Amino acid sequence: IKLEKDLNYHYLDKLAGAPDISVVFPGTHEFSDDSIPLKALAALLGTGKGSPVYRHLVEKKLAPSAEVYSDGCDLTGEFTITARLLPGVTAEEARNAIKDALKDFEDNFSSYEKELDRYKARCLREFYAKLQKSIDKAFLLAYSDEYAGSWNRLNEMADQMESVTMDDIKRVYETYVKGKPSFTLTLLPADQAKLAMKDSTLVPEIKEPVVDESRFGQPGEGYQAVKDLPSSFDRSKIPPEGKLPEIKVQEVQEEKIGDNIRLMVEKDETLPMAEITFILHGGQAKETLLNSGITTLTAAMLLEGTEDYDSLQFDGAVRDLGVALSARATADSVLVRVQTLSSN
């Protein structure tokens with residue numbers, strides 16, 4: 001798909017509480033040579049608190065969050081920059097901020113090599129994490145067969161992720177984004193049409209068709225019931241039980257560290273992954289009416305920095321390792337989970 005010129009539309013949504021803008025560039029189909037470099041480009045533009053889209057939209061208080069992603073399909077794809085804007089922010093301000101973010105990216109292109117390494121580490125971790133579950137593995141095989149024509153292309157994905165270079169990023173940026181026409185759609189609250197761009201075209205209100213419900217009812221009341229489909233076996237009888245599969249449980253090693261730490265280790269050498277879960281006893285049951293919610297708040301704040309790292313430094317350190325880091329409070333504990341590649 002190619003656009004000959006910029007297309008700019010807005011829609012007034014009765015249910016919208018704040019403006020929402022999406023700028024879309026035509027992309028490429030999944031498993032093309034440019035597919036993975038485009039996903040990497042999206043990550044450099046919009047992942048992390050140091051990314052240009054974050055700095056020009058979120059830090060400048062135009063939006064509480066922003067996202068950049070490349071979505072490839074069977075025949076083509078989309079490269080999208082999207083943000084939910086803060087109340088009162090105009091689409092013009094948001095669009096100019098996105099242009100500034102792209103210009104910022106161009107001017108400081110050479111400084112993003114470390115971000116590319118972070119992206120690769122995260123991608124590989126996410127890829128191997130999906131291979132841990134049978135249902136995700138089945139989905140990836142079907143996904144590869146549908147979009148690449150062969151389930152075996154799945155074996156090449158990790159190598160493709162690792163081989164992306166800054167030259168690839170520059171090539172796809174200049175091919176699909178830099179100076180290229182885009183489609184911009186702004187969703188606005190119904191009473192805030194003034195926030196739309198001057199050259200924007202209003203999308204007419206979408207009216208739901210009127211449905212005649214008089215013909216609906218039980219079988220025999222205006223329509224014929226669906227007949228049972230023919231079957232090769234008697235569905236009125238429960239099939240006999242087969243032999244139960246043998247479940248091989250991983251051996252768990254256990255030891256103590258000091259007087260208060262119980263350590264349990266399970267080894268799985270099928271994937272290059274490492275995962276650690278800290279279970280700290282306590283939790284919401286220990287709260288009182290005076291400090292209700294403090295456990296959940298504390299768990300959330302664990303991910304915002306440390307004594308030695310501010311929020312930006314901590315975010316960078318986590319992404320250096322491609323780590324998935326989470327913390328949450330339960331009724332009787334706080335769980336901190338770390339997942340990363342074994343090499344890290």
# chains A, B, ... in the order shown; residues from 1 in each chain; ligands from 1

$ residues_around --residues "A:Asp191" --least-positions-apart "2" --cutoff "12 Å" --atoms "only C-alpha atoms" --output "PyMOL selection string"
chain A and resi 11-19+88+187-189+193-196

$ residues_around --residues "A:Asn96" --least-positions-apart "3" --cutoff "12 Å" --atoms "only C-alpha atoms" --output "PyMOL selection string"
chain A and resi 21+23+53+56-57+62+89-93+99-103+197

$ select_by_dssp --residues "stretch 158-264 of chain A" --states "strand (DSSP E)" --output "JSON, numbers by chain"
{"A": [183, 184, 185, 186, 187, 188, 189, 201, 202, 252, 253, 254, 255, 256, 257, 261, 262, 263, 264]}

$ select_by_dssp --residues "stretch 156-312 of chain A" --states "helix (DSSP H, G or I)" --output "MDAnalysis selection string"
chainID A and resid 156:163 166:177 193:195 213:215 284:286 289:291 294:301 311:312

$ residues_around --residues "A:Ile294" --least-positions-apart "6" --cutoff "12 Å" --atoms "only C-alpha atoms" --output "PyMOL selection string"
chain A and resi 282-288+300-301+328-330+334

$ closest_residue --among "A:Glu162, A:Glu30, A:Asp228, A:Glu156" --to "A:Asp117" --atoms "only C-alpha atoms"
A:Glu162

$ closest_residue --among "A:Asp74, A:Asp107, A:Asp6, A:Asp315" --to "A:Thr47" --atoms "only C-alpha atoms"
A:Asp315

$ closest_residue --among "A:Thr175, A:Ser22, A:Ser110, A:Thr306" --to "A:Ala83" --atoms "only C-alpha atoms"
A:Ser22

$ atom_distance --atom1 "atom CA of A:Leu321" --atom2 "atom CA of A:Ser144"
27.1 Å

$ closest_residue --among "A:Phe79, A:Phe314, A:Tyr69, A:Tyr54" --to "A:Gly27" --atoms "only C-alpha atoms"
A:Phe79

$ residues_around --residues "stretch 235-251 of chain A" --least-positions-apart "4" --cutoff "12 Å" --atoms "only C-alpha atoms" --output "list in words"
Asp228, Leu229, Pro230, Ser231, Met264, Val265, Glu266, Lys267, Asp268 and Glu269 of chain A

$ atom_distance --atom1 "atom CA of A:Leu303" --atom2 "atom CA of A:Ala121"
19.2 Å

$ closest_residue --among "A:Asp20, A:Asp33, A:Asp145, A:Glu115" --to "A:Ala66" --atoms "only C-alpha atoms"
A:Asp20

$ closest_residue --among "A:Val323, A:Leu41, A:Val336, A:Leu185" --to "A:Asp199" --atoms "only C-alpha atoms"
A:Leu185

$ atom_distance --atom1 "atom CA of A:Thr80" --atom2 "atom CA of A:Val177"
10.0 Å
